[in-house]
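Note sheet for the following structure.
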Amino acid sequence: MSDAKRKDAAAYLLPDGTQVDLDRPPEGEARVLLQSDGAGRQVLRHSTAHVLAQAVLSIWPDAKFAGGPPIEDGFYYDFDIGRPFTPEDLERIEAKMAEIIAEDQPFEREEMSISEAAELFADQPYKLEWINEMDGEAQEQGVVGDRVSLYRNQDKFVDLCRGPHVPSTGRIRAFKLTRSSGAYWRGDESRPMLQRIYGTAWETPKALKQHMWRLEEAQKRDHRKLGPEMDLFHFPPEVGGGLPVFHPKGGLIRKIMEDYSKAEHEAAGYDFVWTPHLAKSTLFEISGHLGWYAEGMYPPMEMEGATYYPKPMNCPMHILIYKSRTRSYRELPQRLFEFGTVYRFERSGVLHGLTRVRGITQDDAHIFCTPDQLDGELTSLLQFVLDVLKAFGLTDFEAELSTRPEKFVGEPEEWDRATEALREALEASGLDYTVAEGEGAFYAPKIDVHIRDALGRRWQLSTLQVDFQMPQRFDMEFVGDDGGRYRPYMIHRALFGSVERFFAILLEHYSGAFPTWLAPDQVTIVPIADRHHDYAHDVASRLAGRGIRAAVDASDQTLGNRVRKAQTSKVPYMLVVGDNEVEAGTLSVKPRGANERRGVPVSEFAEHICAEVAERRMPA
RNA sequence: GCUGGUGUGGCGCAAUUCGGCAGCGCAACCGACUUGUAAUCGGUAGGCUCCCGGUUCGAAUCCGGGCACCAGCUCCA
């Protein structure tokens with residue numbers, strides 16, 4: 001064999017440009033970077049994935065293995081051992097991995113020709129498929145005898161790999177296998193399903209521990225758990241998957257969200273419309289949804305010789321409102337807003353709490369404007385989006401500009417013009433953004449706004465899309481100042497995206513401890529003894545008079561019991577009233593997460609809450 | 001939709017291996033206690049063990065089908 005076997009330098013670049021030799025770790029700051037930056041972790045996790053594959057192959061020598069990249073927070077590797085892995089298997093594999101790590105086997109890079117690699121992996125069909133593909137490409141390019149790189153540790157394991165890796169398995173200081181599940185070979189649902197093992201690896205045991213804590217914390221504040229626990233909503237099986245019902249407290253939070261949103265939209269010059277949930281097939285034939293997304297729509301209903309569908313989108317209805325009469329350039333831009341509930345037949349396996357449902361309420365609006373108005377509308381719209389999201393306590397934004405996909409409708413020049421307008425709006429906003437080439441919808445480029453929540457998790461929320469297809473399909477017009485007829489531009493936009501999903505994100509972001517203005521119960525009054533009940537109710541009605549949501553806990557329980565209930569309920573304020581308060585006409589005020597203040601006059605407390613609600617602050 | 005897993009009073013769980021009286025805690029209800037800041041004591045009631053069918057003398061438990069949920073995959077206008 002002519003393999004040029006050599007010790008791999010495993011060199012890679014740190015984000016600051018320094019080249020690092022993993023055999024000789026650098027000192028000081030670079031060392032810290034190496035341990036914790038994205039590139040370093042990727043190398044570490046990729047190496048751990050190799051160790052995982054080595055362990056699986058040593059336990060099941062006949063296992064077929066596919067591939068195993070690093071991913072966010074960890075890595076995976078796909079195998080085929082003829083059956084799924086059990087939790088006991090994972091433990092066994094983990095133990096084997098620990099052995100391999102303890103042996104501190106060096107990772108060594110080698111190269112060979114494609115045909116040699118094909119020979120080496122002759123009994124590994126998945127590897128072979130890749131190798132043959134590389135071979136095909138090489139031949140297409142007229143390269144004969146092209147070479148591939150491999151990584152080997154001792155004589156125990158070898159895998160096709162671009163690298164780099166850590167110098168030896170001993171560098172893996174903290175790892176854990178987390179779960180296993182099925183995954184289609186090459187992500188294609190028509191191909192065989194392999195068994196994927198997920199794991200995570202970190203530079204230190206402490207970092208691993210922090211990661212596990214974060215997972216636990218995420219589980220604790222999972223909206224699917226908090227929702228029923230806090231009596232906000234549930235999913236009755238009798239209604240069906242992906243179809244939640246909101247209880248009074250959840251309904252109240254929704255109402256507050258919607259009221260705020262509506263007030264802001266009113267101030268921003270939107271008009272409010274209302275449209276039905278069903279329409280004849282004609283409408284969705286014109287819009288094109290039946291052509292493109294029929295499989296994602298609820299099935300048709302036949303009535304009196306016509307075919308009706310639940311609407312999967314609101315836009316066609318809004319367009320009909322625009323088209324109900326001739327529009328002049330003087331009335332543009334026209335901004336039509338609606339909390340519109342649409343129905344989409346999401347496949348059963350993708351449903352996920354409130355974040356992926358089948359009945360989706362969008363805070364949907366469509367802006368119809370002249371071509372001249374497009375830039376200005378987009379710029380003010382993006383600012384509007386950020387302002388509204390900020391009001392809900394979300395401050396960490398990232399944006400994504402999605403450009404023309406491979407399959408698209410319309411003219412490339414129109415796409416360029418719209419994409420440029422979106423880009424300018426992004427530049428004007430000062431927002432950080434990345435460009436997702438080819439990720440736009442088939443009819444429009446778009447800006448998606450993502451937020452990071454309290455746990456640093458990223459969620460896609462708002463979307464802004466510039467569309468010239470719908471105006472064309474519906475033959476929309478406006479009369480210009482010269483009396484001529486022109487086609488308006490159309491902007492689709494949603495801030496929450498889906499009210500249900502936004503609700504879930506807020507619930508998890510705040511872990512159920514909402515700021516005072518959003519909290520369904522704002523104040524719990526705890527009278528010490530029966531003789532204080534009248535005063536407690538008197539305080540409650542005085543607060544109610546100021547629009548404050550206050551309730552008295554007059555249950556036949558000890559003080560300690562009721563204090564504990566108030567605390568665990570995450571209500572922003574607990575007021576304890578006894579002889580001292582009754583006599584002085586004051587309150588003992590205990591804000592959630594802060595110390596109590598005694599002797600606070602009722603009127604002063606009411607002012608405090610009102611100001612807090614107006615400024616949408618947390619209790620203090 | 002696909003792969004694997006789970007489904008027991010309102011909630012959290014036990015009994016499921018190997019078929020044999022469905023049990024515990026919290027919550028609820030009743031009573032006593034009248035309390036100064038995170039669980040007072042005693043009692044009562046609550047079950048089509050997700051649904052339909054099968055095997056069996058007997059099914060929460062075994063088998064078949066369905067529904068819902070969970071971890072992923074695929075998808076997301």
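Residues in the structure tokens are named by chain (A, B, ... in the order shown) and by number from 1 within that chain; ligands are numbered from 1 in the order shown.
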Proximity of chain B to chain A: per-residue shortest pair, 9 Å limit, only C-alpha atoms (C1' of nucleotides), as JSON lines:
```
{"residue": "B:G1", "atom": "C1'", "partner": "A:Arg347", "partner_atom": "CA", "distance": 6.3}
{"residue": "B:C2", "atom": "C1'", "partner": "A:Glu189", "partner_atom": "CA", "distance": 7.3}
{"residue": "B:U3", "atom": "C1'", "partner": "A:Gly182", "partner_atom": "CA", "distance": 4.5}
{"residue": "B:G4", "atom": "C1'", "partner": "A:Ser181", "partner_atom": "CA", "distance": 6.2}
{"residue": "B:C11", "atom": "C1'", "partner": "A:Glu229", "partner_atom": "CA", "distance": 7.8}
{"residue": "B:C33", "atom": "C1'", "partner": "A:Thr558", "partner_atom": "CA", "distance": 8.9}
{"residue": "B:U34", "atom": "C1'", "partner": "A:Ala529", "partner_atom": "CA", "distance": 5.2}
{"residue": "B:U35", "atom": "C1'", "partner": "A:Leu559", "partner_atom": "CA", "distance": 6.0}
{"residue": "B:G36", "atom": "C1'", "partner": "A:Ile528", "partner_atom": "CA", "distance": 7.2}
{"residue": "B:U37", "atom": "C1'", "partner": "A:Val563", "partner_atom": "CA", "distance": 6.3}
{"residue": "B:A38", "atom": "C1'", "partner": "A:Arg564", "partner_atom": "CA", "distance": 4.0}
{"residue": "B:A39", "atom": "C1'", "partner": "A:Asn561", "partner_atom": "CA", "distance": 5.7}
{"residue": "B:U40", "atom": "C1'", "partner": "A:Thr558", "partner_atom": "CA", "distance": 6.8}
{"residue": "B:C67", "atom": "C1'", "partner": "A:Pro237", "partner_atom": "CA", "distance": 7.7}
{"residue": "B:A68", "atom": "C1'", "partner": "A:Pro237", "partner_atom": "CA", "distance": 5.9}
{"residue": "B:A71", "atom": "C1'", "partner": "A:Ser181", "partner_atom": "CA", "distance": 6.9}
{"residue": "B:G72", "atom": "C1'", "partner": "A:Ser181", "partner_atom": "CA", "distance": 5.2}
{"residue": "B:C73", "atom": "C1'", "partner": "A:Ala183", "partner_atom": "CA", "distance": 4.3}
{"residue": "B:U74", "atom": "C1'", "partner": "A:Glu189", "partner_atom": "CA", "distance": 5.7}
{"residue": "B:C75", "atom": "C1'", "partner": "A:Arg347", "partner_atom": "CA", "distance": 7.8}
{"residue": "B:C76", "atom": "C1'", "partner": "A:Glu346", "partner_atom": "CA", "distance": 7.9}
{"residue": "B:A77", "atom": "C1'", "partner": "A:Tyr293", "partner_atom": "CA", "distance": 7.0}
```
Set the distance at 9 Å and use only C-alpha atoms (C1' of nucleotides): which residues neighbour stretch 20-26 of chain B once local chain neighbours fewer than 2 positions away are removed? I'd like the list as a short mmCIF file (atom, residue, chain, number, x, y, z; two decimals) with C-alpha atoms (C1' of nucleotides), in the first residue's frame.
```cif
data_model
loop_
_atom_site.label_atom_id
_atom_site.label_comp_id
_atom_site.auth_asym_id
_atom_site.auth_seq_id
_atom_site.Cartn_x
_atom_site.Cartn_y
_atom_site.Cartn_z
"C1'" U B 8 -53.54 3.06 35.94
"C1'" C B 11 -51.92 15.45 39.23
"C1'" G B 12 -47.42 12.35 40.44
"C1'" C B 13 -46.62 7.21 40.91
"C1'" A B 14 -47.10 1.42 42.59
"C1'" A B 15 -49.09 -3.37 41.17
"C1'" G B 47 -61.44 3.67 39.02
"C1'" U B 49 -56.61 0.55 34.49
"C1'" G B 58 -60.02 -15.37 35.60
"C1'" A B 60 -54.26 -3.32 34.37
#
```
Interatomic distance (Å, one decimal) between atom CA of A:Met297 and atom CA of A:Gly359 |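 We find that atom CA of A:Met297 and atom CA of A:Gly359 lie 11.2 Å from each other.
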Enumerate, as number ranges by chain, the complete set of residues in stretch 379-529 of chain A that a backbone-based DSSP assignment places in helix (DSSP H, G or I).
-> A: 379-391, 412-429, 469-473, 499-509
Write a file of the just-selected residues containing C-alpha atoms, as a compact mmCIF listing (two decimals), in the first residue's frame.
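Writing done, so here's part26.txt:
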```txt
# COMPACT_ATOMS: atom_id res chain seq x y z
CA THR A 379 -38.23 49.44 7.17
CA SER A 380 -40.99 50.69 9.47
CA LEU A 381 -42.50 47.21 9.63
CA LEU A 382 -39.28 45.60 10.82
CA GLN A 383 -38.94 48.23 13.53
CA PHE A 384 -42.56 47.62 14.51
CA VAL A 385 -41.91 43.88 14.78
CA LEU A 386 -38.95 44.38 17.08
CA ASP A 387 -40.81 46.91 19.25
CA VAL A 388 -43.72 44.56 19.81
CA LEU A 389 -41.49 41.58 20.60
CA LYS A 390 -39.50 43.69 23.05
CA ALA A 391 -42.69 44.56 24.90
CA PRO A 412 -35.72 36.90 -11.37
CA GLU A 413 -35.63 40.71 -11.61
CA GLU A 414 -38.66 40.97 -9.34
CA TRP A 415 -36.98 38.63 -6.89
CA ASP A 416 -33.83 40.72 -6.90
CA ARG A 417 -35.78 43.90 -6.33
CA ALA A 418 -37.72 42.41 -3.41
CA THR A 419 -34.67 40.78 -1.88
CA GLU A 420 -32.80 44.08 -2.07
CA ALA A 421 -35.69 45.86 -0.34
CA LEU A 422 -35.61 43.32 2.47
CA ARG A 423 -31.85 43.64 2.78
CA GLU A 424 -32.11 47.41 3.05
CA ALA A 425 -34.71 47.11 5.77
CA LEU A 426 -32.36 44.79 7.66
CA GLU A 427 -29.44 47.17 7.26
CA ALA A 428 -31.58 50.07 8.49
CA SER A 429 -32.64 48.08 11.54
CA GLN A 469 -47.28 36.32 -7.22
CA MET A 470 -50.55 36.62 -5.35
CA PRO A 471 -51.26 40.11 -6.74
CA GLN A 472 -50.79 38.64 -10.19
CA ARG A 473 -52.82 35.48 -9.65
CA VAL A 499 -50.44 32.77 18.81
CA GLU A 500 -50.29 29.22 20.17
CA ARG A 501 -46.59 28.87 19.50
CA PHE A 502 -45.81 32.34 20.86
CA PHE A 503 -47.80 31.48 23.98
CA ALA A 504 -45.68 28.36 24.46
CA ILE A 505 -42.43 30.28 23.96
CA LEU A 506 -43.43 32.95 26.49
CA LEU A 507 -44.48 30.28 28.98
CA GLU A 508 -41.11 28.55 28.68
CA HIS A 509 -39.13 31.81 28.53
```
Correct to one decimal, the distance atom CA of A:Gly170-atom CA of A:Leu208 is 16.3 Å
Counting only C-alpha atoms (C1' of nucleotides), what is within 7 Å of stretch 90-103 of chain A, bar same-chain residues fewer than 5 positions away, as a PyMOL selection string?
-> chain A and resi 51-52+55-56+169-170+172+177
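Distances here use only C-alpha atoms (C1' of nucleotides); by that measure, the residue among B:C30, B:C51, B:C62, B:G46 closest to B:U16 is B:C62.
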Shell around B:G31 at 12 Å using only C-alpha atoms (C1' of nucleotides), local window under 5 positions removed, as a list in words |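 These residues fall inside the cut-off: Asp556 of chain A; C41, G42, G43 and U44 of chain B.
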Could you save the residues just selected, with C-alpha atoms (C1' of nucleotides), as a PDB file, in the first residue's frame?
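That gives us part-v2.pdb:
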```pdb
ATOM      1  CA  ASP A 556     -59.574  26.553  55.791  1.00  0.00           C
TER       2      ASP A 556
ATOM      3  C1'   C B  41     -54.417  16.820  62.649  1.00  0.00           C
ATOM      4  C1'   G B  42     -58.442  13.285  61.902  1.00  0.00           C
ATOM      5  C1'   G B  43     -62.034  11.364  58.594  1.00  0.00           C
ATOM      6  C1'   U B  44     -64.785  10.729  53.646  1.00  0.00           C
TER       7        U B  44
END
```
Any idea what's packed within 9 Å of stretch 145-157 of chain A, counting only C-alpha atoms (C1' of nucleotides), ignoring anything in its chain fewer than 3 positions away? Could you give it as JSON, numbers by chain?
-> {"A": [50, 51, 53, 54, 57, 58, 105, 106, 107, 108, 109, 110, 111, 112, 113, 114, 115, 117, 131, 134, 135, 138, 139, 160, 161, 162, 163, 164, 165, 168, 169]}
Would you export the selected residues with C-alpha atoms as a tab-separated table (two decimals), in the first residue's frame, please?
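Result file follows (result-v9.tsv):
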```
chain	number	residue	atom	x	y	z
A	50	HIS	CA	-15.69	7.89	16.12
A	51	VAL	CA	-15.21	6.35	19.53
A	53	ALA	CA	-18.68	3.80	16.25
A	54	GLN	CA	-15.61	1.91	17.40
A	57	LEU	CA	-18.37	-2.28	16.09
A	58	SER	CA	-16.42	-3.97	18.82
A	105	GLN	CA	-5.57	5.51	21.38
A	106	PRO	CA	-4.02	8.02	18.99
A	107	PHE	CA	-6.09	9.19	15.99
A	108	GLU	CA	-3.96	8.80	12.89
A	109	ARG	CA	-4.71	10.24	9.50
A	110	GLU	CA	-4.00	8.32	6.35
A	111	GLU	CA	-4.87	8.63	2.70
A	112	MET	CA	-5.64	6.09	0.03
A	113	SER	CA	-7.12	5.94	-3.42
A	114	ILE	CA	-10.84	5.65	-3.87
A	115	SER	CA	-10.52	2.11	-5.18
A	117	ALA	CA	-11.09	2.58	0.14
A	131	ILE	CA	-17.19	6.01	-1.84
A	134	MET	CA	-16.97	10.20	-4.73
A	135	ASP	CA	-15.62	7.92	-7.41
A	138	ALA	CA	-13.89	12.11	-9.60
A	139	GLN	CA	-14.42	10.40	-12.92
A	160	LEU	CA	-13.62	7.61	6.22
A	161	CYS	CA	-13.18	11.10	7.50
A	162	ARG	CA	-12.08	14.56	6.54
A	163	GLY	CA	-10.92	15.35	10.08
A	164	PRO	CA	-9.48	16.91	12.05
A	165	HIS	CA	-9.57	14.98	15.28
A	168	SER	CA	-5.91	10.75	20.95
A	169	THR	CA	-9.04	9.34	22.56
```
Extract, using only C-alpha atoms (C1' of nucleotides), all DNA, RNA and protein residues at most 12 Å from A:Ala513, discarding same-chain residues fewer than 5 positions from it, and format them as a PyMOL selection string.
-> chain A and resi 221+226+230+506-508+518-522+567-573+591-593+617-619
Just write the chosen residues, N, CA and C atoms, as an mmCIF file, in the first residue's frame.
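Result went into selection.cif, see below:
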```cif
data_model
loop_
_atom_site.group_PDB
_atom_site.id
_atom_site.type_symbol
_atom_site.label_atom_id
_atom_site.label_comp_id
_atom_site.auth_asym_id
_atom_site.auth_seq_id
_atom_site.Cartn_x
_atom_site.Cartn_y
_atom_site.Cartn_z
ATOM 1 N N ARG A 221 -39.437 23.490 32.595
ATOM 2 C CA ARG A 221 -40.274 24.597 32.128
ATOM 3 C C ARG A 221 -40.949 24.273 30.798
ATOM 4 N N LEU A 226 -46.067 22.635 32.063
ATOM 5 C CA LEU A 226 -46.573 23.795 32.795
ATOM 6 C C LEU A 226 -48.020 24.131 32.431
ATOM 7 N N MET A 230 -50.560 24.581 35.383
ATOM 8 C CA MET A 230 -51.016 25.917 35.766
ATOM 9 C C MET A 230 -52.452 26.170 35.299
ATOM 10 N N LEU A 506 -43.405 32.055 25.329
ATOM 11 C CA LEU A 506 -43.432 32.947 26.491
ATOM 12 C C LEU A 506 -43.486 32.125 27.785
ATOM 13 N N LEU A 507 -44.327 31.107 27.786
ATOM 14 C CA LEU A 507 -44.484 30.277 28.978
ATOM 15 C C LEU A 507 -43.149 29.648 29.366
ATOM 16 N N GLU A 508 -42.398 29.174 28.385
ATOM 17 C CA GLU A 508 -41.114 28.554 28.679
ATOM 18 C C GLU A 508 -40.056 29.602 29.006
ATOM 19 N N LEU A 518 -48.861 40.284 32.283
ATOM 20 C CA LEU A 518 -49.314 39.070 31.602
ATOM 21 C C LEU A 518 -49.841 38.003 32.554
ATOM 22 N N ALA A 519 -49.554 38.157 33.849
ATOM 23 C CA ALA A 519 -49.918 37.116 34.806
ATOM 24 C C ALA A 519 -51.437 37.032 34.940
ATOM 25 N N PRO A 520 -52.011 35.841 34.800
ATOM 26 C CA PRO A 520 -53.466 35.739 34.908
ATOM 27 C C PRO A 520 -53.955 36.116 36.312
ATOM 28 N N ASP A 521 -53.244 35.672 37.349
ATOM 29 C CA ASP A 521 -53.536 36.125 38.709
ATOM 30 C C ASP A 521 -52.382 37.016 39.127
ATOM 31 N N GLN A 522 -52.679 38.234 39.496
ATOM 32 C CA GLN A 522 -51.597 39.159 39.833
ATOM 33 C C GLN A 522 -51.338 39.215 41.328
ATOM 34 N N GLN A 567 -46.755 31.018 46.923
ATOM 35 C CA GLN A 567 -45.392 31.074 46.391
ATOM 36 C C GLN A 567 -45.220 30.136 45.204
ATOM 37 N N THR A 568 -45.700 28.908 45.337
ATOM 38 C CA THR A 568 -45.480 27.948 44.254
ATOM 39 C C THR A 568 -46.359 28.235 43.037
ATOM 40 N N SER A 569 -47.407 29.038 43.219
ATOM 41 C CA SER A 569 -48.283 29.336 42.084
ATOM 42 C C SER A 569 -47.663 30.379 41.154
ATOM 43 N N LYS A 570 -46.552 30.983 41.557
ATOM 44 C CA LYS A 570 -45.845 31.964 40.731
ATOM 45 C C LYS A 570 -46.630 33.269 40.551
ATOM 46 N N VAL A 571 -47.619 33.489 41.415
ATOM 47 C CA VAL A 571 -48.364 34.747 41.359
ATOM 48 C C VAL A 571 -47.392 35.894 41.693
ATOM 49 N N PRO A 572 -47.477 37.028 40.989
ATOM 50 C CA PRO A 572 -46.499 38.103 41.209
ATOM 51 C C PRO A 572 -46.472 38.648 42.639
ATOM 52 N N TYR A 573 -47.655 38.779 43.280
ATOM 53 C CA TYR A 573 -47.678 39.374 44.619
ATOM 54 C C TYR A 573 -48.505 38.555 45.588
ATOM 55 N N PRO A 591 -43.438 40.570 47.001
ATOM 56 C CA PRO A 591 -43.334 40.331 45.557
ATOM 57 C C PRO A 591 -42.666 38.977 45.314
ATOM 58 N N ARG A 592 -43.021 38.340 44.215
ATOM 59 C CA ARG A 592 -42.419 37.062 43.849
ATOM 60 C C ARG A 592 -40.901 37.249 43.701
ATOM 61 N N GLY A 593 -40.137 36.475 44.417
ATOM 62 C CA GLY A 593 -38.689 36.549 44.286
ATOM 63 C C GLY A 593 -38.045 37.725 44.999
ATOM 64 N N ARG A 617 -43.418 45.487 33.451
ATOM 65 C CA ARG A 617 -42.233 45.020 34.185
ATOM 66 C C ARG A 617 -42.539 43.769 34.994
ATOM 67 N N MET A 618 -41.465 43.174 35.503
ATOM 68 C CA MET A 618 -41.591 42.037 36.404
ATOM 69 C C MET A 618 -41.949 42.573 37.792
ATOM 70 N N PRO A 619 -42.549 41.742 38.660
ATOM 71 C CA PRO A 619 -42.905 42.219 40.002
ATOM 72 C C PRO A 619 -41.669 42.575 40.805
#
```
Just the strand (DSSP E or B) stuff from stretch 156-315 of chain A, please, per backbone DSSP, written as an MDAnalysis selection string.
-> chainID A and resid 157:160 168 174:184 193:202 233:234 245:246 271:272 278:280 301:303 306:310
Write out, as a short mmCIF file (atom, residue, chain, number, x, y, z; two decimals), in the first residue's frame, the residues just selected, with N, CA and C atoms.
```cif
data_model
loop_
_atom_site.label_atom_id
_atom_site.label_comp_id
_atom_site.auth_asym_id
_atom_site.auth_seq_id
_atom_site.Cartn_x
_atom_site.Cartn_y
_atom_site.Cartn_z
N PHE A 157 -9.90 0.58 14.69
CA PHE A 157 -11.05 1.20 14.03
C PHE A 157 -10.54 2.15 12.97
N VAL A 158 -11.21 2.13 11.84
CA VAL A 158 -10.86 3.09 10.80
C VAL A 158 -12.14 3.57 10.15
N ASP A 159 -12.18 4.85 9.86
CA ASP A 159 -13.39 5.44 9.28
C ASP A 159 -12.99 6.47 8.24
N LEU A 160 -13.77 6.55 7.20
CA LEU A 160 -13.62 7.61 6.22
C LEU A 160 -13.86 8.93 6.93
N SER A 168 -5.69 12.12 20.48
CA SER A 168 -5.91 10.75 20.95
C SER A 168 -7.20 10.69 21.75
N ALA A 174 -15.26 14.33 28.87
CA ALA A 174 -16.62 14.30 29.40
C ALA A 174 -17.59 14.02 28.26
N PHE A 175 -18.25 12.88 28.31
CA PHE A 175 -19.23 12.57 27.27
C PHE A 175 -20.37 11.77 27.87
N LYS A 176 -21.45 11.66 27.12
CA LYS A 176 -22.62 10.91 27.58
C LYS A 176 -23.46 10.55 26.36
N LEU A 177 -23.96 9.33 26.33
CA LEU A 177 -24.92 8.97 25.29
C LEU A 177 -26.30 9.35 25.82
N THR A 178 -27.06 10.01 24.99
CA THR A 178 -28.32 10.55 25.50
C THR A 178 -29.55 9.75 25.08
N ARG A 179 -29.61 9.30 23.82
CA ARG A 179 -30.79 8.56 23.39
C ARG A 179 -30.51 7.91 22.05
N SER A 180 -31.45 7.07 21.62
CA SER A 180 -31.33 6.50 20.29
C SER A 180 -32.70 6.53 19.65
N SER A 181 -32.73 6.57 18.34
CA SER A 181 -34.01 6.52 17.63
C SER A 181 -33.75 6.25 16.17
N GLY A 182 -34.81 5.99 15.43
CA GLY A 182 -34.68 5.71 14.02
C GLY A 182 -34.36 6.96 13.22
N ALA A 183 -33.65 6.79 12.14
CA ALA A 183 -33.36 7.91 11.24
C ALA A 183 -33.16 7.34 9.85
N TYR A 184 -33.80 7.98 8.86
CA TYR A 184 -33.69 7.47 7.50
C TYR A 184 -32.27 7.63 6.97
N MET A 193 -34.45 2.65 7.23
CA MET A 193 -34.27 3.40 8.46
C MET A 193 -33.14 2.78 9.27
N LEU A 194 -32.20 3.61 9.63
CA LEU A 194 -31.08 3.16 10.45
C LEU A 194 -31.39 3.52 11.90
N GLN A 195 -30.55 3.06 12.80
CA GLN A 195 -30.72 3.41 14.20
C GLN A 195 -29.63 4.41 14.58
N ARG A 196 -30.07 5.55 15.06
CA ARG A 196 -29.14 6.62 15.37
C ARG A 196 -28.93 6.72 16.88
N ILE A 197 -27.68 6.82 17.28
CA ILE A 197 -27.38 7.03 18.70
C ILE A 197 -26.90 8.47 18.86
N TYR A 198 -27.55 9.20 19.77
CA TYR A 198 -27.16 10.58 20.06
C TYR A 198 -26.32 10.62 21.32
N GLY A 199 -25.35 11.51 21.32
CA GLY A 199 -24.55 11.71 22.52
C GLY A 199 -24.10 13.15 22.60
N THR A 200 -23.43 13.47 23.68
CA THR A 200 -22.90 14.81 23.83
C THR A 200 -21.52 14.71 24.44
N ALA A 201 -20.65 15.67 24.11
CA ALA A 201 -19.30 15.66 24.67
C ALA A 201 -18.88 17.10 24.93
N TRP A 202 -18.17 17.30 26.03
CA TRP A 202 -17.77 18.64 26.43
C TRP A 202 -16.32 18.63 26.88
N PHE A 233 -54.19 25.30 29.58
CA PHE A 233 -54.76 24.68 28.38
C PHE A 233 -54.57 23.19 28.48
N HIS A 234 -55.25 22.43 27.63
CA HIS A 234 -54.91 21.02 27.46
C HIS A 234 -55.37 20.54 26.10
N VAL A 245 -57.42 23.18 23.75
CA VAL A 245 -58.45 24.07 24.29
C VAL A 245 -57.80 24.90 25.39
N PHE A 246 -58.10 26.20 25.42
CA PHE A 246 -57.52 27.10 26.41
C PHE A 246 -58.50 27.29 27.55
N ASP A 271 -55.90 48.23 9.55
CA ASP A 271 -57.35 48.09 9.61
C ASP A 271 -57.66 46.66 10.00
N PHE A 272 -58.75 46.47 10.76
CA PHE A 272 -59.09 45.13 11.24
C PHE A 272 -60.16 44.51 10.36
N LEU A 278 -63.84 28.72 6.28
CA LEU A 278 -64.01 27.81 5.15
C LEU A 278 -64.14 28.63 3.87
N ALA A 279 -63.74 28.02 2.79
CA ALA A 279 -63.98 28.66 1.49
C ALA A 279 -64.10 27.58 0.43
N LYS A 280 -64.74 27.95 -0.66
CA LYS A 280 -64.89 27.00 -1.77
C LYS A 280 -63.53 26.74 -2.41
N MET A 301 -64.96 19.23 1.91
CA MET A 301 -66.33 18.90 2.31
C MET A 301 -67.24 19.25 1.15
N GLU A 302 -68.12 18.33 0.83
CA GLU A 302 -69.06 18.59 -0.28
C GLU A 302 -70.37 19.08 0.31
N MET A 303 -70.83 20.22 -0.17
CA MET A 303 -72.11 20.76 0.30
C MET A 303 -72.82 21.40 -0.88
N ALA A 306 -71.09 22.14 -4.07
CA ALA A 306 -69.83 22.86 -4.08
C ALA A 306 -68.85 22.15 -3.14
N THR A 307 -67.56 22.40 -3.33
CA THR A 307 -66.53 21.78 -2.51
C THR A 307 -65.89 22.84 -1.63
N TYR A 308 -65.87 22.60 -0.32
CA TYR A 308 -65.32 23.57 0.62
C TYR A 308 -64.08 23.03 1.31
N TYR A 309 -63.16 23.90 1.63
CA TYR A 309 -61.95 23.54 2.38
C TYR A 309 -61.79 24.45 3.59
N PRO A 310 -61.31 23.90 4.72
CA PRO A 310 -60.86 24.79 5.80
C PRO A 310 -59.67 25.59 5.27
#
```
